[in-house]
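One structure below.
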Amino acid sequence: MRLILEKLIERRWRLKNPDPHLVKKLTEEMKISPLHAALLVNRGIETQLQVAEFITPKLSSMSDPFLMKGVEEAVERILIAQSRSETICIHGDYDVDGVTAVVVLTAFFRAVSIPVCYLIPRRIEEGYGLSRDGIDEAKRLGAKVLITVDCGITSVAEADYCRESGIDLIITDHHTPGEIIPAACAVINPLQPGCNAPFNKLAGVGIAFKLAVALRSRLRREGYFESIPEPNLKEYLDLVALGTIADLVPLVGENRTIVLYGLQEMATSSRVGIAALKKVADIKAEVSTVDVGFRLAPRLNAAGRLDDAKRGVELLLTSDPELAAHLAEELDVANRERQTIEKEIFAEALDRLLNDETLKGRTAVVLASGNWHPGVIGIVASRVVERCHRPTILIAMQNGEGKGSGRSIPAFHLYNALAASAEHLVKFGGHRQAAGISILEQNLAAFYDLFDGHAVENLTAEDLIPAYAVDAEISPEDLGEQLLSIINSLKPFGMGNSEPLFLLRGVEVVSHRLIKDSHLKMSLNINGRIVDSIGFKMAGKLPVPEFIDILFTPELNVWKGKKSLQLRLRDIRSPEK
C-alpha cells in the first residue's frame with residue numbers, strides 16, 4: 001500500500017480489439033469510416049438498428065412502464081387515493097437521485113391535483129432510508145399512501161410498520177434487493193425477481209419518472225385531461241437527467257435517451273431552480289454531462305451532505321426566481337464548505353494509509369474516525385480509490401456506531417463483499433460500485449478482516465493495477481474535423497459510454513509548462529502541425545521527455561471567439577515503454 005501511495009500509479013494501456021469482421025460489416029452497411037465503426041463496436045453497437053437507436057434515440061422507443069413489475073398495482077392504489085382525495089407522501093433519499101425523484105413525483109401529483117407532501121431524512125440525525133420515525137411523520141401529515149423513491153427495497157420491518165400504522169406503502173427503488181422483498185402494497189424495482197422490464201439500469205429518479213408516465217397514461221385513458229391540462233412529461237426530463245447522471249448509472253439504453261433529451265431541457269433553463277443553479281455554477285449555454293456531474297450535482301448534493309436536502313427540493317420545485325436565486329446561493333456556499341471538509345478528510349486518510357503499519361499488506365481499505373463528517377466520506381472514498389485503486393470504505397464514528405460509505409474498482413463487486421461480511425454489520429445496501437453501511441465500533445476489526453479476506457480471494461494482482469481502455473491507435477492524419485464530428489455523435493458520455501480515448505505514438509514535445517502548479521500544458525509537434533494539449537492534474541508526469549506516446553481525447557477549444565483543436569491528455573509515457 002505504501003509504495004502505491006508514494007507516487008502516482010502507473011496505469012496500464014489496454015488497447016481494445018474490436019472484431020474486425022463486425023467493423024468491416026458496419027463500415028460497409030452504414031457507409032462510415034472504419035474508425036467510426038470501431039468506436040461503435042467498442043460500445044456494443046453492432047447492427048444498423050443498434051446504430052440508429054444509439055445515434056438518434058427516441059423517447060417513443062422507451063419501454064412501456066407497465067412491463068415493470070409492481071407498476072400496475074401502484075397506479076391502481078394512486079388512483080384510489082386520488083378518488084378519495086387522500087394525501088400521498090413521497091419519501092426520498094438525500095442525494096441528487098433521491099431529491100430529483102421526490103421533485104418529479106411531487107410536481108406531477110400537484111399538476112394532476114393529487115394531495116401530496118414529501119419527506120427526506122436528514123443524513124446525520126436520521127440516516128438513510130425509510131424509518132419508523134419517517135412513517136410516523138407521514139402519518140402525522142395525514143398521508144394514507146407512502147411512496148418511497150430511491151430507497152425502501154430492504155425496508156422489510158418498516159413495511160410491516162406501515163401496515164400496522166394504516167398506511168399503504170409503495171416502494172420504488174433501484175438498489176440491489178435483499179433475500180426478502182418487503183410486504184408492500186406495490187414494489188417497483190427492475191432488479192427484483194420476476195420483473196420482466198426490458199431495461200433494468202434506471203436510476204431511482206428514472207423509476208419515479210416511469211411511474212409518472214404510467215399514471216398519466218391511465219389518467220389519459222380515463223378522460224381525466226378533458227377538464228385539466230395534461231402535464232408534458234418531456235419537461236420533467238431535466239430533473240430525470242440530473243439524477244441519472246449524478247447517480248453514475250450506465251448511460252446506455254433508456255438512460256442514454258433520458259440524458260440526451262434531459263440535457264436539451266436543461267439548456268433552455270425553463271425551470272427557474274435549474275436556471276439559478278446554472279448561474280451560480282457559471283454555466284451559460286449548452287449543458288454537458290461533465291457540467292452536471294462536477295458543477296450542478298455537487299451543489300445540489302451539498303445540502304443533503306451537510307444539513308438538509310429539502311433546500312434542494314424547494315429549489316427545484318419553486319417557480320419564484322427570487323427564492324430560487326437565494327436557495328442556489330445557499331447551496332453554493334454549502335458546496336464550498338463541503339469542499340473544505342473533504343480536503344481535510346482526504347489528507348488525514350492518505351496520511352494514515354502512508355504511516356499506519358497495521359494497513360500494510362491489506363488488499364482493501366477500511367478506515368474509521370470519530371472526526372469525519374458522514375456526509376462527505378463517500379466523496380473521499382472515491383478519491384482514495386482513484387489514488388490507490390483498492391476497494392475502499394470510510395466510516396464516520398459517533399457514540400460507538402459508524403456510518404460508512406464504500407466505493408469500488410471495476411473488478412470488485414462491493415455489494416456482494418458486504419453481503420459476505422454482513423454478520424458484522426448493522427445494515428448495508430447499495431450497488432456493485434458504491435454502497436453504504438452501519439456498523440458498531442466493536443465489530444470494526446472483525447469486519448475489516450472478513451471484508452479484506454473477500455477481496456484477497458476475488459482480486460488478482462492485475463485487478464489492482466488500473467488500466468486505461470484505449471479505443472484506437474490513430475495516425476496524425478486522423479486528427480481533424482471529421483474525428484470531432486464522430487466523437488460528438490457518440491455523446492452524451494458517462495458511465496457505460498465513456499469518451500473515446502486514442503493513442504498517438506512518437507509525438508514531439510515543443511514546449512511544456514505547469515498551470516496552477518498541477519496541470520500540464522504542452523505544445524506538441526504532430527507531423528509538422530503544432531497542437532496544444534492540456535493534462536489536468538498531471539504535474540506528477542514531470543520531467544517530460546522530448547518524444548512521448550500520448551493517450552488523449554481531441555476537443556474543440558474556443559478562446560476569445562477563436563476555435564482550435566486541443567488534445568485533452570489522460571496519460572503520457574516514453575515511447576520505449
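We label chains A, B, ... in the order they appear in the C-alpha cells, count residues from 1 in each chain, and number ligands from 1 in the order shown.
Around Leu141 (chain A), within 9 Å and counting only C-alpha atoms, the residues found are Thr87, Cys89, Cys117, Asp136, Glu137, Ala138, Lys139 and Ala143 of chain A, once anything fewer than 2 positions away on its own chain is removed.
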Could the residues in this selection be saved with N, CA and C atoms as a CSV table (one decimal), in the first residue's frame?
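Wrote it out as selection27.csv, contents follow:
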chain,number,residue,atom,x,y,z
A,87,THR,N,-54.1,12.0,0.9
A,87,THR,CA,-52.8,12.6,0.8
A,87,THR,C,-51.7,11.5,0.6
A,89,CYS,N,-47.7,10.7,0.5
A,89,CYS,CA,-46.4,11.2,1.0
A,89,CYS,C,-45.2,10.6,0.2
A,117,CYS,N,-47.4,15.4,-0.1
A,117,CYS,CA,-46.4,16.0,0.7
A,117,CYS,C,-45.1,15.2,0.5
A,136,ASP,N,-44.0,7.6,11.0
A,136,ASP,CA,-44.8,8.4,12.0
A,136,ASP,C,-45.1,9.8,11.5
A,137,GLU,N,-44.0,10.4,10.9
A,137,GLU,CA,-44.2,11.8,10.4
A,137,GLU,C,-45.2,11.8,9.2
A,138,ALA,N,-45.1,10.8,8.3
A,138,ALA,CA,-46.0,10.7,7.2
A,138,ALA,C,-47.5,10.6,7.7
A,139,LYS,N,-47.6,9.8,8.8
A,139,LYS,CA,-49.0,9.7,9.4
A,139,LYS,C,-49.4,11.0,10.0
A,143,ALA,N,-51.0,11.3,5.7
A,143,ALA,CA,-50.8,10.5,4.5
A,143,ALA,C,-51.5,9.1,4.7
Using only C-alpha atoms, which residues of region 190-276 of chain A come within 7 Å of region 316-324 of chain A, and what is the closest atom pair for each, with the distance in Å to one decimal? Give it as CSV, sorted by chain and residue number.
residue,atom,partner,partner_atom,distance
A:Val272,CA,A:Pro321,CA,5.8
A:Gly273,CA,A:Leu316,CA,4.7
A:Ile274,CA,A:Leu316,CA,6.7
A:Ala276,CA,A:Ala324,CA,6.0
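Considering only C-alpha atoms, the residue among A:Ala334, A:Val287, A:Val103, A:Val544 positioned nearest to Tyr236 (chain A) is A:Val103.
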| said: I want to know what sits within 9 Å of Thr257 (chain A), based on only C-alpha atoms, with residues of the same chain fewer than 6 positions away left out; could you give that as a ChimeraX atom specification? | reply: /A:54,56-59,62,251
Once you have the residues from the selection above, write them out as a PDB file, in the first residue's frame, restricted to N, CA, C and O atoms.
ATOM      1  N   PHE A  54     -28.778   4.178 -31.087  1.00  0.00           N
ATOM      2  CA  PHE A  54     -27.715   4.812 -30.306  1.00  0.00           C
ATOM      3  C   PHE A  54     -27.487   6.263 -30.731  1.00  0.00           C
ATOM      4  O   PHE A  54     -27.384   7.154 -29.887  1.00  0.00           O
ATOM      5  N   THR A  56     -29.502   8.257 -32.687  1.00  0.00           N
ATOM      6  CA  THR A  56     -30.706   9.100 -32.612  1.00  0.00           C
ATOM      7  C   THR A  56     -31.768   8.411 -31.757  1.00  0.00           C
ATOM      8  O   THR A  56     -32.791   7.958 -32.279  1.00  0.00           O
ATOM      9  N   PRO A  57     -31.550   8.320 -30.459  1.00  0.00           N
ATOM     10  CA  PRO A  57     -32.542   7.682 -29.589  1.00  0.00           C
ATOM     11  C   PRO A  57     -33.834   8.492 -29.560  1.00  0.00           C
ATOM     12  O   PRO A  57     -33.813   9.722 -29.661  1.00  0.00           O
ATOM     13  N   LYS A  58     -34.954   7.787 -29.433  1.00  0.00           N
ATOM     14  CA  LYS A  58     -36.257   8.446 -29.437  1.00  0.00           C
ATOM     15  C   LYS A  58     -37.014   8.138 -28.149  1.00  0.00           C
ATOM     16  O   LYS A  58     -36.995   7.006 -27.665  1.00  0.00           O
ATOM     17  N   LEU A  59     -37.677   9.136 -27.622  1.00  0.00           N
ATOM     18  CA  LEU A  59     -38.488   8.936 -26.421  1.00  0.00           C
ATOM     19  C   LEU A  59     -39.583   7.908 -26.664  1.00  0.00           C
ATOM     20  O   LEU A  59     -39.939   7.141 -25.758  1.00  0.00           O
ATOM     21  N   MET A  62     -38.903   4.218 -25.757  1.00  0.00           N
ATOM     22  CA  MET A  62     -38.738   3.749 -24.381  1.00  0.00           C
ATOM     23  C   MET A  62     -39.835   2.735 -24.054  1.00  0.00           C
ATOM     24  O   MET A  62     -40.963   2.845 -24.526  1.00  0.00           O
ATOM     25  N   LEU A 251     -24.888   5.103 -18.814  1.00  0.00           N
ATOM     26  CA  LEU A 251     -25.615   5.910 -19.793  1.00  0.00           C
ATOM     27  C   LEU A 251     -25.766   5.121 -21.088  1.00  0.00           C
ATOM     28  O   LEU A 251     -25.214   5.461 -22.142  1.00  0.00           O
TER      29      LEU A 251
END
Skip region 516-518 of chain A itself and residues of its chain fewer than 3 positions away, then list as a compact mmCIF listing (two decimals) with N, CA, C and O atoms, in the first residue's frame all residues within 7 Å of it, counting only C-alpha atoms.
# COMPACT_ATOMS: atom_id res chain seq x y z
N LYS A 537 -4.14 17.82 -13.73
CA LYS A 537 -3.54 17.14 -12.56
C LYS A 537 -2.47 16.14 -12.99
O LYS A 537 -2.37 15.05 -12.43
N MET A 538 -1.66 16.54 -13.96
CA MET A 538 -0.61 15.66 -14.46
C MET A 538 0.79 16.20 -14.16
O MET A 538 1.78 15.85 -14.81
N ALA A 539 0.90 17.04 -13.12
CA ALA A 539 2.21 17.57 -12.75
C ALA A 539 3.18 16.46 -12.36
O ALA A 539 4.40 16.59 -12.53
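Proximity ranking of A:Trp13, A:Tyr224, A:Phe109, A:Phe199 relative to Tyr468 (chain A) places A:Trp13 first, based on only C-alpha atoms.
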| message | as a VMD selection string, please: every residue in region 249-446 of chain A that a backbone DSSP assignment puts in alpha helix (DSSP H). | response | chain A and resid 253 to 268 272 to 280 289 to 291 297 to 306 310 to 317 321 to 355 377 to 388 414 to 420 444 to 446
| query | Could you pull the residues within 9 Å of region 168-177 of chain A, counting only C-alpha atoms, minus those fewer than 3 positions along the same chain, as a ChimeraX atom specification? | reply | /A:70,73-74,77,144-154,159,162-163,165,180-193,200-205,207-208,211,415,429-432
| request: Determine, counting only C-alpha atoms, which protein, DNA and RNA residues have an atom within 8 Å of an atom of region 402-413 of chain A; residues of the same chain fewer than 4 positions away are not included. Present the result as number ranges by chain. | output: A: 368, 374, 377-378, 381-382, 385, 389-398, 417, 431-441, 455, 458-459, 463
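Of all the residues in region 121-204 of chain A, the ones DSSP labels as strand (DSSP E or B) from the backbone are Ala143, Lys144, Val145, Leu146, Ile147, Thr148, Val149, Asp168, Leu169, Ile170, Ile171, Thr172, Ala186, Val187 and Ile188 of chain A.
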Those residues with N, CA, C and O atoms, as a CSV table (one decimal), in the first residue's frame please?
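Here's the written file again07.csv:
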chain,number,residue,atom,x,y,z
A,143,ALA,N,-51.0,11.3,5.7
A,143,ALA,CA,-50.8,10.5,4.5
A,143,ALA,C,-51.5,9.1,4.7
A,143,ALA,O,-51.4,8.5,5.7
A,144,LYS,N,-52.2,8.7,3.6
A,144,LYS,CA,-52.7,7.4,3.6
A,144,LYS,C,-51.9,6.4,2.7
A,144,LYS,O,-52.0,5.2,2.8
A,145,VAL,N,-51.1,7.0,1.9
A,145,VAL,CA,-50.2,6.3,1.0
A,145,VAL,C,-48.8,6.9,1.1
A,145,VAL,O,-48.6,8.1,1.1
A,146,LEU,N,-47.8,6.0,1.2
A,146,LEU,CA,-46.4,6.5,1.3
A,146,LEU,C,-45.7,5.8,0.1
A,146,LEU,O,-45.7,4.6,0.0
A,147,ILE,N,-45.0,6.7,-0.7
A,147,ILE,CA,-44.2,6.2,-1.8
A,147,ILE,C,-42.8,6.5,-1.6
A,147,ILE,O,-42.4,7.6,-1.4
A,148,THR,N,-41.9,5.4,-1.5
A,148,THR,CA,-40.5,5.7,-1.4
A,148,THR,C,-39.9,5.8,-2.8
A,148,THR,O,-40.4,5.2,-3.8
A,149,VAL,N,-38.9,6.7,-2.9
A,149,VAL,CA,-38.2,6.8,-4.2
A,149,VAL,C,-36.7,6.7,-3.8
A,149,VAL,O,-36.2,7.3,-2.8
A,168,ASP,N,-50.6,2.6,3.3
A,168,ASP,CA,-50.3,1.7,2.2
A,168,ASP,C,-48.9,2.2,1.7
A,168,ASP,O,-48.8,3.3,1.3
A,169,LEU,N,-48.0,1.2,1.6
A,169,LEU,CA,-46.6,1.5,1.1
A,169,LEU,C,-46.4,1.1,-0.3
A,169,LEU,O,-46.7,0.0,-0.7
A,170,ILE,N,-45.9,2.0,-1.1
A,170,ILE,CA,-45.4,1.7,-2.5
A,170,ILE,C,-43.9,2.0,-2.5
A,170,ILE,O,-43.5,3.1,-2.2
A,171,ILE,N,-43.2,1.0,-2.9
A,171,ILE,CA,-41.7,1.1,-2.9
A,171,ILE,C,-41.3,1.3,-4.4
A,171,ILE,O,-41.6,0.5,-5.2
A,172,THR,N,-40.5,2.3,-4.6
A,172,THR,CA,-39.8,2.5,-5.9
A,172,THR,C,-38.3,2.6,-5.6
A,172,THR,O,-37.9,3.5,-4.9
A,186,ALA,N,-47.2,-2.3,-3.2
A,186,ALA,CA,-46.6,-2.5,-4.5
A,186,ALA,C,-45.1,-2.2,-4.4
A,186,ALA,O,-44.6,-1.3,-3.6
A,187,VAL,N,-44.3,-3.0,-5.1
A,187,VAL,CA,-42.8,-2.9,-5.1
A,187,VAL,C,-42.4,-2.7,-6.5
A,187,VAL,O,-42.6,-3.7,-7.4
A,188,ILE,N,-41.8,-1.6,-6.9
A,188,ILE,CA,-41.3,-1.4,-8.2
A,188,ILE,C,-39.8,-1.3,-8.2
A,188,ILE,O,-39.2,-0.3,-7.6
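Shortest separation to Leu15 (chain A) among A:Gly535, A:Pro500, A:Gly98, A:Gly178 occurs at residue A:Pro500, atoms counted being only C-alpha atoms.
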So that I can check the surroundings of Thr100 (chain A), please list as a PDB file with C-alpha atoms, in the first residue's frame every protein, DNA and RNA residue that reaches within 8 Å of it, counting only C-alpha atoms and ignoring chain neighbours fewer than 5 positions away.
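Result file part.pdb:
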ATOM      1  CA  VAL A 205     -35.441   9.089 -10.493  1.00  0.00           C
ATOM      2  CA  LEU A 239     -34.764  16.520 -13.458  1.00  0.00           C
ATOM      3  CA  VAL A 240     -34.513  12.892 -14.550  1.00  0.00           C
ATOM      4  CA  LEU A 242     -29.822  15.399 -13.405  1.00  0.00           C
ATOM      5  CA  GLY A 243     -30.429  12.486 -11.035  1.00  0.00           C
ATOM      6  CA  VAL A 313     -36.178  20.023  -3.300  1.00  0.00           C
ATOM      7  CA  LEU A 316     -36.273  22.558  -7.967  1.00  0.00           C
TER       8      LEU A 316
END
